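**Q** This is the structure I want to talk about, given as structure tokens.
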Amino acid sequence: MNSPRGEDQTHRSIVSYVRRSPRMTPSQHRWWQTHSPQWVLQVTSTPRITLIGPQAHLDLEFVFGRGAPLIIEIGCGHGETLIRAAQAHPEVNFLGFEVFEASLATTLGKIASHNLNNIRLICGDAVTGLTHLIPNHAAEEIWVFFPDPWPKARHHKRRLINHDFVDLTKAKLDSTGTLRIATDWENYARSIKETFTGVSGFELVGTTRFALRPLTKFESRGIAAGRAIVDLTYQKSPS
């Protein structure tokens with residue numbers, strides 16, 4: 001399946017992250033070994049490891065054991081938002097994409113401690129994951145909280161949120177689906193707004209903080225550095 005712009009995202013040469021492989025702590029290693037078989041989905045990757053190939057398949061009802069509304073978080077980090085949301089909304093299925101195994105291991109420890117069965121995780125690239133794994137119109141919401149801002153101008157091409165990404169999310173959201181974004185970089189927030197200005201099918205419906213998004217250490221560091229937090233909520237317009 002190709003991206004909405006007809007571009008095979010599996011072969012994209014630029015990604016929005018630099019994949020490091022930090023050594024897991026003993027606790028993270030234990031959580032990964034014990035819990036990844038239950039909550040981390042195995043999908044077919046490409047030679048670039050994190051990129052998910054077009055031959056990959058995901059049966060959402062099978063992996064969750066039920067049919068339910070789907071919310072996807074891109075770059076779920078240590079799982080703070082996923083955990084809070086899954087506890088508050090047991091009737092919803094939550095799918096988190098993350099490329100860092102150590103971060104996923106920490107999330108697994110939290111999932112297990114709360115015994116949450118409405119979360120599944122994928123260790124892989126979210127763009128190729130959305131493209132090849134998620135059916136069109138399948139998601140009720142997609143969340144992107146604090147994507148790498150790539151602040152240097154020569155690196156702006158690496159930013160996740162661009163016209164191709166917006167087209168992709170529009171295809172995957174249901175008829176009135178919601179895209180929630182947060183960033184602590186003013187320049188990136190301005191770029192995001194400009195990107196959506198030329199896109200039909202989305203409406204900016206909110207700029208207040210998302211109630212289910214907890215204050216993380218990462219966000220706290222941004223605030224301490226004097227950066228303002230910008231929340232942007234876009235809703236897909238019914239066609």
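Within each chain, counting starts at residue 1; across the structure tokens, chains are named A, B, ... in the order shown, with ligands numbered 1 upward in that order.
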Looking only at the backbone, which of the residues in stretch 25-236 of chain A does DSSP tag as helix (DSSP H, G or I), as number ranges by chain?

**A** A: 26-39, 60-64, 80-88, 101-114, 126-133, 153-158, 163-172, 186-197, 217-224

**Q** Can you write out as JSON lines which residues of stretch 67-160 of chain A fall within 7 Å of stretch 47-62 of chain A, alongside each residue's closest atom pair and its distance in Å to one decimal, counting only C-alpha atoms and ordering rows by chain and ascending residue number?

**A**
```
{"residue": "A:Gly67", "atom": "CA", "partner": "A:Glu61", "partner_atom": "CA", "distance": 5.1}
{"residue": "A:Val99", "atom": "CA", "partner": "A:Thr50", "partner_atom": "CA", "distance": 6.6}
{"residue": "A:Gly124", "atom": "CA", "partner": "A:Thr50", "partner_atom": "CA", "distance": 4.4}
{"residue": "A:Asp125", "atom": "CA", "partner": "A:Leu51", "partner_atom": "CA", "distance": 5.1}
{"residue": "A:Thr128", "atom": "CA", "partner": "A:Ile52", "partner_atom": "CA", "distance": 5.3}
{"residue": "A:Gly129", "atom": "CA", "partner": "A:Ile52", "partner_atom": "CA", "distance": 5.6}
{"residue": "A:His132", "atom": "CA", "partner": "A:Pro54", "partner_atom": "CA", "distance": 5.4}
{"residue": "A:Leu133", "atom": "CA", "partner": "A:Leu58", "partner_atom": "CA", "distance": 5.4}
```

**Q** Could you tell me which of A:Ser175, A:Thr81, A:Ser103, A:Thr197 comes closest to A:Thr25 if we count only C-alpha atoms?

**A**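 Among A:Ser175, A:Thr81, A:Ser103, A:Thr197, it is A:Ser103 that comes nearest to A:Thr25.
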
**Q** Excluding stretch 206-217 of chain A and any residue of its chain fewer than 5 positions from it, enumerate the residues within 10 Å of it, using only C-alpha atoms, and give them as a ChimeraX atom specification.

**A** /A:78,80-86,88,145,180-182,222-223,229-235

**Q** So which residues touch A:Phe64 within 9 Å, counting only C-alpha atoms, skipping near sequence neighbours fewer than 5 positions away, as a PyMOL selection string?

**A** chain A and resi 59+93+117-120

**Q** As a ChimeraX atom specification, please: the residues near A:Trp32 (cut-off 8 Å, only C-alpha atoms, same-chain neighbours under 2 positions excluded).

**A** /A:28-30,34-36,104-105,108

**Q** For a test of reading the model, state the distance in Å between atom CA of A:Thr107 and atom CA of A:Gly79, rounded to one decimal.

**A**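 That distance, rounded to one decimal, is 4.9 Å.
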
**Q** Would you please give, as a PyMOL selection string, all residues of stretch 56-239 of chain A that DSSP assigns to strand (DSSP E) based on the backbone?

**A** chain A and resi 70-74+93-98+119-123+139-145+173-183+202-206+230-236

**Q** For A:Leu179, work out the shell of residues within 10 Å, counting only C-alpha atoms and skipping chain neighbours fewer than 5 positions away, then give it as a list in words.

**A**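 Listing them by chain and then by number gives Ile71, Ile72, Glu73, Ala139, Glu140, Glu141, Ile142, Trp143, Val144, Val166, Thr169, Lys170, Leu173, Phe202, Glu203, Leu204, Leu232, Thr233, Tyr234, Gln235 and Lys236 of chain A.
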
**Q** May I ask which of the residues A:Ile122, A:Ala102, A:Asn115, A:Gly198 is the closest one to A:Pro26, counting only C-alpha atoms?

**A**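 Of A:Ile122, A:Ala102, A:Asn115, A:Gly198, the one nearest A:Pro26, counting only C-alpha atoms, is A:Ala102.
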
**Q** Residues within 8 Å of A:Leu168, please, as a PyMOL selection string. Count only C-alpha atoms; anything in the same chain fewer than 2 positions from it doesn't count.

**A** chain A and resi 3-4+130-131+164-166+170-172

**Q** I need the chosen residues saved as a PDB file, in the first residue's frame, with N, CA, C and O atoms.

**A**
```
ATOM      1  N   SER A   3       1.699   5.450   0.212  1.00  0.00           N
ATOM      2  CA  SER A   3       1.259   6.596   0.996  1.00  0.00           C
ATOM      3  C   SER A   3       0.250   7.395   0.196  1.00  0.00           C
ATOM      4  O   SER A   3       0.133   7.250  -1.020  1.00  0.00           O
ATOM      5  N   PRO A   4      -0.517   8.320   0.859  1.00  0.00           N
ATOM      6  CA  PRO A   4      -1.508   9.100   0.135  1.00  0.00           C
ATOM      7  C   PRO A   4      -0.919   9.899  -1.022  1.00  0.00           C
ATOM      8  O   PRO A   4      -1.608  10.222  -1.974  1.00  0.00           O
ATOM      9  N   LEU A 130       2.164   3.354  10.096  1.00  0.00           N
ATOM     10  CA  LEU A 130       0.836   3.840   9.720  1.00  0.00           C
ATOM     11  C   LEU A 130       0.515   3.452   8.280  1.00  0.00           C
ATOM     12  O   LEU A 130      -0.599   3.029   7.959  1.00  0.00           O
ATOM     13  N   THR A 131       1.504   3.599   7.410  1.00  0.00           N
ATOM     14  CA  THR A 131       1.294   3.336   5.985  1.00  0.00           C
ATOM     15  C   THR A 131       0.887   1.898   5.724  1.00  0.00           C
ATOM     16  O   THR A 131      -0.073   1.627   4.996  1.00  0.00           O
ATOM     17  N   ASP A 164       3.349  15.518   3.835  1.00  0.00           N
ATOM     18  CA  ASP A 164       3.156  14.081   3.629  1.00  0.00           C
ATOM     19  C   ASP A 164       2.571  13.423   4.875  1.00  0.00           C
ATOM     20  O   ASP A 164       1.683  12.578   4.782  1.00  0.00           O
ATOM     21  N   PHE A 165       3.092  13.811   6.034  1.00  0.00           N
ATOM     22  CA  PHE A 165       2.597  13.228   7.277  1.00  0.00           C
ATOM     23  C   PHE A 165       1.137  13.610   7.521  1.00  0.00           C
ATOM     24  O   PHE A 165       0.327  12.779   7.942  1.00  0.00           O
ATOM     25  N   VAL A 166       0.795  14.852   7.264  1.00  0.00           N
ATOM     26  CA  VAL A 166      -0.591  15.291   7.457  1.00  0.00           C
ATOM     27  C   VAL A 166      -1.522  14.514   6.521  1.00  0.00           C
ATOM     28  O   VAL A 166      -2.608  14.070   6.926  1.00  0.00           O
ATOM     29  N   LYS A 170      -4.484  12.007   7.784  1.00  0.00           N
ATOM     30  CA  LYS A 170      -5.852  12.250   7.308  1.00  0.00           C
ATOM     31  C   LYS A 170      -6.451  10.971   6.742  1.00  0.00           C
ATOM     32  O   LYS A 170      -7.637  10.685   6.919  1.00  0.00           O
ATOM     33  N   ALA A 171      -5.625  10.171   6.080  1.00  0.00           N
ATOM     34  CA  ALA A 171      -6.112   8.906   5.521  1.00  0.00           C
ATOM     35  C   ALA A 171      -6.436   7.893   6.611  1.00  0.00           C
ATOM     36  O   ALA A 171      -7.377   7.107   6.485  1.00  0.00           O
ATOM     37  N   LYS A 172      -5.682   7.905   7.697  1.00  0.00           N
ATOM     38  CA  LYS A 172      -5.844   6.877   8.726  1.00  0.00           C
ATOM     39  C   LYS A 172      -6.905   7.211   9.764  1.00  0.00           C
ATOM     40  O   LYS A 172      -7.428   6.320  10.447  1.00  0.00           O
TER      41      LYS A 172
END
```

**Q** Calculated over only C-alpha atoms, which of the candidates A:Gln87, A:Arg23, A:Lys193, A:His137 has the smallest distance to A:Thr176?

**A**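 Closest residue, counting only C-alpha atoms: A:His137.
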
**Q** Kindly give the distance, in Å, that separates atom CA of A:Arg190 and atom CA of A:Cys76, rounded to a single decimal.

**A** 22.9 Å

**Q** Considering only C-alpha atoms, can you say which of A:Asp174, A:Phe196, A:Gln38, A:Ile111 comes closest to A:Pro69?

**A**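 Selected residue with least distance to A:Pro69: A:Asp174.
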
**Q** Measuring between only C-alpha atoms, which one of A:Ile161, A:Met24, A:Ala68, A:Val199 shows the shortest distance to A:Leu95?

**A**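 Distance minimum relative to A:Leu95 lands on A:Ala68.
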